[in-house]
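Colleague: My questions all concern the structure below.
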Amino acid sequence: MGAARAGAEGTDAERGRLINVAYRLLGSLAESEDAVQEAFARWYALPRSRRDEIVSPGAWLTTVTGRICLDVLGSARVRRERYVGAWLPDPLPDPVERGDGRGSDPADRMVLDESVTMAFLVVLETMTPAERVSFVLHDVFRYPFAEIADVLGRTPAACKQLASSARRRVSDARTPLAADARTDVVRRVREAWENKDIAALVDLLDPSAVMTADGGGLVGAALRPIEGDTRIAAYMVAIADRAPGLELLERSVNGAPGLVALRGGVVLTVASFDVTDGRVARIWVVRNPEKLRPWVPQG
């Protein structure tokens with residue numbers, strides 16, 4: 001009757017699915033893993049007779065995980081008001097680029113698609129917790145509104161309205177270029193950055209581009225977004241000047257072309273890019289070392 005009822009058998013597959021759901025709801029790998037652990041703890045806390053009565057353990061676990069994530073989203077808004085600087089979702093490495101792709105880290109369980117790109121996750125952050133849960137469960141994972149209603153404690157009609165409202169936010173976001181075009185632009189950004197070529201960087205940036213950095217108060221990072229092509233280009237070159245020996249690698253970040261900066265073999269920065277009309281419109285820079293743990297090479 002499903003992974004959970006069978007005990008250990010199949011649990012990994014069920015856990016991986018739930019972590020994929022939770023990450024899209026929370027944007028944090030650590031919080032996602034905690035939410036899924038709590039859901040399994042509640043499952044195994046049920047009397048065996050009660051577990052045997054549940055027709056679909058997977059659906060039960062999804063409902064409980066969704067409720068836990070809803071609570072976390074509510075409290076996260078308060079915590080993020082105290083966060084030093086901008087808060088960004090955790091960047092995800094490609095498991096194959098990271099190592100053998102079969103690790104036990106939550107990042108290795110993630111399905112990398114358009115629903116985990118940094119641009120998409122940032123839009124999800126603008127939604128209310130209820131909108132986000134309705135939209136992610138229905139539009140991304142295709143759960144019916146009748147089941148989502150159990151998560152939110154609302155009617156299916158109300159959940160449908162929430163998802164529709166969230167959908168409008170997503171449709172307002174610009175459609176990115178195809179992967180090959182983005183890869184070419186990111187490669188040119190890397191080359192211009194390595195050469196400290198401000199003019200070339202300005203040419204690659206949209207005039208109204210915005211760079212947002214997340215250092216979490218643990219490392220140096222711009223506390224406010226940097227706006228404008230010339231200001232961003234100057235800032236990037238200044239970083240290169242202050243960090244001799246910085247190595248830039250082209251890597252997949254949340255399933256899209258990005259850059260990883262290393263110094264002495266240590267990952268210091270992971271950058272994501274939103275490329276539209278052939279130019280970089282947004283740059284999200286994650287420097288918080290707590291969010292870079294999945295980027296430590298495996299094996």
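By order in the structure tokens, chains are A, B, ...; within a chain, residues start at 1; ligands start at 1, following the order shown.
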Run DSSP on the backbone and grab whatever in region 2-121 of chain A lands in helix (DSSP H, G or I); send it over as number ranges by chain.
Modeller: A: 11-26, 29-45, 48-53, 57-81, 95-98, 106-109, 114-116, 118-121
Colleague: List the spatial neighbours of Gly85 (chain A) as a list in words - criterion: any atom at most 8 Å away, only C-alpha atoms, same-chain residues fewer than 6 positions off excluded.
Modeller: Ala213, Asp214, Gly215, Gly216, Gly217, Ala222, Leu223 and Arg224 of chain A
Colleague: For each of A:Asp277, A:Tyr143, A:Gly255, A:Leu262, take the minimum atom-to-atom distance to Leu204 (chain A), counting only C-alpha atoms, then give the residue where this is smallest.
Modeller: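 Going through A:Asp277, A:Tyr143, A:Gly255, A:Leu262 one by one, the smallest distance to Leu204 (chain A) is for A:Asp277.
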Colleague: Within 12 Å of Ser164 (chain A), counting only C-alpha atoms, which residues show up once you throw out same-chain ones fewer than 2 positions away? Write them as JSON, numbers by chain, please.
Modeller: {"A": [127, 130, 131, 132, 133, 134, 135, 136, 138, 139, 145, 157, 158, 159, 160, 161, 162, 166, 167, 168, 169, 170, 171]}
Colleague: Measuring between only C-alpha atoms, which one of A:Arg42, A:Arg287, A:Arg242, A:Arg154 shows the shortest distance to Gly220 (chain A)?
Modeller: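 Closest to Gly220 (chain A) of all the choices is A:Arg287.
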Colleague: Looking only at the backbone, which of the residues in region 259-289 of chain A does DSSP tag as strand (DSSP E or B), as a list in words?
Modeller: Leu259, Val260, Ala261, Leu262, Arg263, Val266, Val267, Leu268, Thr269, Val270, Ala271, Ser272, Phe273, Asp274, Val275, Thr276, Arg279, Val280, Ala281, Arg282, Ile283, Trp284, Val285 and Val286 of chain A
Colleague: I'd like the contact shell of Cys69 (chain A) - 9 Å cut-off, only C-alpha atoms, skipping same-chain residues fewer than 5 positions apart - returned as a ChimeraX atom specification.
Modeller: /A:22,25-26,31-32,35,64,74,129,133
Colleague: A:Ala146, A:Met118, A:Val270, A:Ile19: which is nearest Arg293 (chain A), counting only C-alpha atoms?
Modeller: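 Smallest separation from Arg293 (chain A) among the options: A:Val270.
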Colleague: Counting only C-alpha atoms, figure out which residue out of A:Leu152, A:Ala30, A:Leu70, A:Val21 gets nearest to Asp105 (chain A).
Modeller: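 When distances to Asp105 (chain A) are compared using only C-alpha atoms, the smallest one comes from A:Ala30.
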Colleague: CA of Trp87 (chain A) and CA of Gly265 (chain A), how far apart in Å?
Modeller: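 It comes out at 25.4 Å.
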Colleague: Can you work out which one of A:Ala209, A:Ile239, A:Val140, A:Val84 has the shortest atom-to-atom distance to Val275 (chain A), counting only C-alpha atoms?
Modeller: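 Once distances to Val275 (chain A) are computed over only C-alpha atoms, the minimum belongs to A:Ala209.
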Colleague: Expressed in Å to a single decimal, how great is the separation between CA of Val36 (chain A) and CA of Ala271 (chain A)?
Modeller: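 Distance reported for this atom pair: 27.6 Å.
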Colleague: Would you please work out which residue, of A:Pro294, A:Pro89, A:Pro257, A:Pro95, is nearest to Arg188 (chain A) when using only C-alpha atoms?
Modeller: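 Closest residue, counting only C-alpha atoms: A:Pro257.
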Colleague: Do a neighbour search on region 228-232 of chain A at 7 Å with only C-alpha atoms, toss out local chain neighbours closer than 2 positions, and write the hits as a CSV table (one decimal) with N, CA and C atoms, in the first residue's frame.
Modeller:
chain,number,residue,atom,x,y,z
A,202,VAL,N,29.2,45.6,-19.6
A,202,VAL,CA,28.0,46.5,-19.8
A,202,VAL,C,27.2,46.1,-21.0
A,205,LEU,N,24.9,43.3,-20.2
A,205,LEU,CA,23.9,43.5,-19.2
A,205,LEU,C,22.8,44.4,-19.8
A,206,ASP,N,21.5,44.1,-19.3
A,206,ASP,CA,20.4,45.0,-19.7
A,206,ASP,C,20.7,46.3,-18.9
A,207,PRO,N,20.3,47.4,-19.5
A,207,PRO,CA,20.6,48.7,-18.8
A,207,PRO,C,19.9,48.8,-17.5
A,208,SER,N,18.8,48.1,-17.3
A,208,SER,CA,18.0,48.1,-16.0
A,208,SER,C,18.3,46.8,-15.2
A,209,ALA,N,19.4,46.2,-15.5
A,209,ALA,CA,19.7,44.9,-14.8
A,209,ALA,C,19.8,45.1,-13.3
A,210,VAL,N,19.5,44.1,-12.5
A,210,VAL,CA,19.6,44.1,-11.1
A,210,VAL,C,20.4,42.9,-10.5
A,211,MET,N,21.4,43.2,-9.6
A,211,MET,CA,22.1,42.1,-9.0
A,211,MET,C,21.7,42.1,-7.5
A,226,ILE,N,22.0,45.9,-6.4
A,226,ILE,CA,22.8,46.8,-7.2
A,226,ILE,C,22.1,46.9,-8.6
A,234,ALA,N,31.0,47.5,-12.8
A,234,ALA,CA,32.0,48.0,-11.9
A,234,ALA,C,32.2,47.2,-10.7
A,235,TYR,N,31.1,46.8,-10.1
A,235,TYR,CA,31.1,46.0,-8.9
A,235,TYR,C,31.7,44.6,-9.2
A,236,MET,N,31.4,44.0,-10.3
A,236,MET,CA,32.0,42.7,-10.6
A,236,MET,C,33.5,42.8,-10.8
Colleague: Between CA of Val151 (chain A) and CA of Pro47 (chain A), what is the distance, to one decimal in Å?
Modeller: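 It comes out at 21.8 Å.
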Colleague: Need the shell around Lys196 (chain A): protein/DNA/RNA residues with any atom at most 9 Å away, counting only C-alpha atoms. Skip same-chain ones fewer than 6 positions apart. Format as a PDB file with N, CA and C atoms, in the first residue's frame?
Modeller:
ATOM      1  N   ALA A 233      28.608  46.149 -13.533  1.00  0.00           N
ATOM      2  CA  ALA A 233      29.887  45.815 -14.165  1.00  0.00           C
ATOM      3  C   ALA A 233      31.057  46.292 -13.318  1.00  0.00           C
ATOM      4  N   ALA A 234      30.972  47.504 -12.802  1.00  0.00           N
ATOM      5  CA  ALA A 234      32.042  48.035 -11.948  1.00  0.00           C
ATOM      6  C   ALA A 234      32.184  47.211 -10.680  1.00  0.00           C
ATOM      7  N   MET A 236      31.404  43.996 -10.278  1.00  0.00           N
ATOM      8  CA  MET A 236      31.981  42.692 -10.607  1.00  0.00           C
ATOM      9  C   MET A 236      33.493  42.795 -10.790  1.00  0.00           C
ATOM     10  N   VAL A 237      33.948  43.831 -11.462  1.00  0.00           N
ATOM     11  CA  VAL A 237      35.381  44.012 -11.675  1.00  0.00           C
ATOM     12  C   VAL A 237      36.079  44.310 -10.354  1.00  0.00           C
ATOM     13  N   ALA A 238      35.435  45.074  -9.487  1.00  0.00           N
ATOM     14  CA  ALA A 238      36.023  45.368  -8.174  1.00  0.00           C
ATOM     15  C   ALA A 238      36.197  44.087  -7.367  1.00  0.00           C
ATOM     16  N   ALA A 240      36.708  41.101  -8.631  1.00  0.00           N
ATOM     17  CA  ALA A 240      37.843  40.392  -9.227  1.00  0.00           C
ATOM     18  C   ALA A 240      39.168  40.994  -8.778  1.00  0.00           C
ATOM     19  N   ASP A 241      39.202  42.319  -8.639  1.00  0.00           N
ATOM     20  CA  ASP A 241      40.429  42.983  -8.186  1.00  0.00           C
ATOM     21  C   ASP A 241      40.774  42.615  -6.743  1.00  0.00           C
TER      22      ASP A 241
END
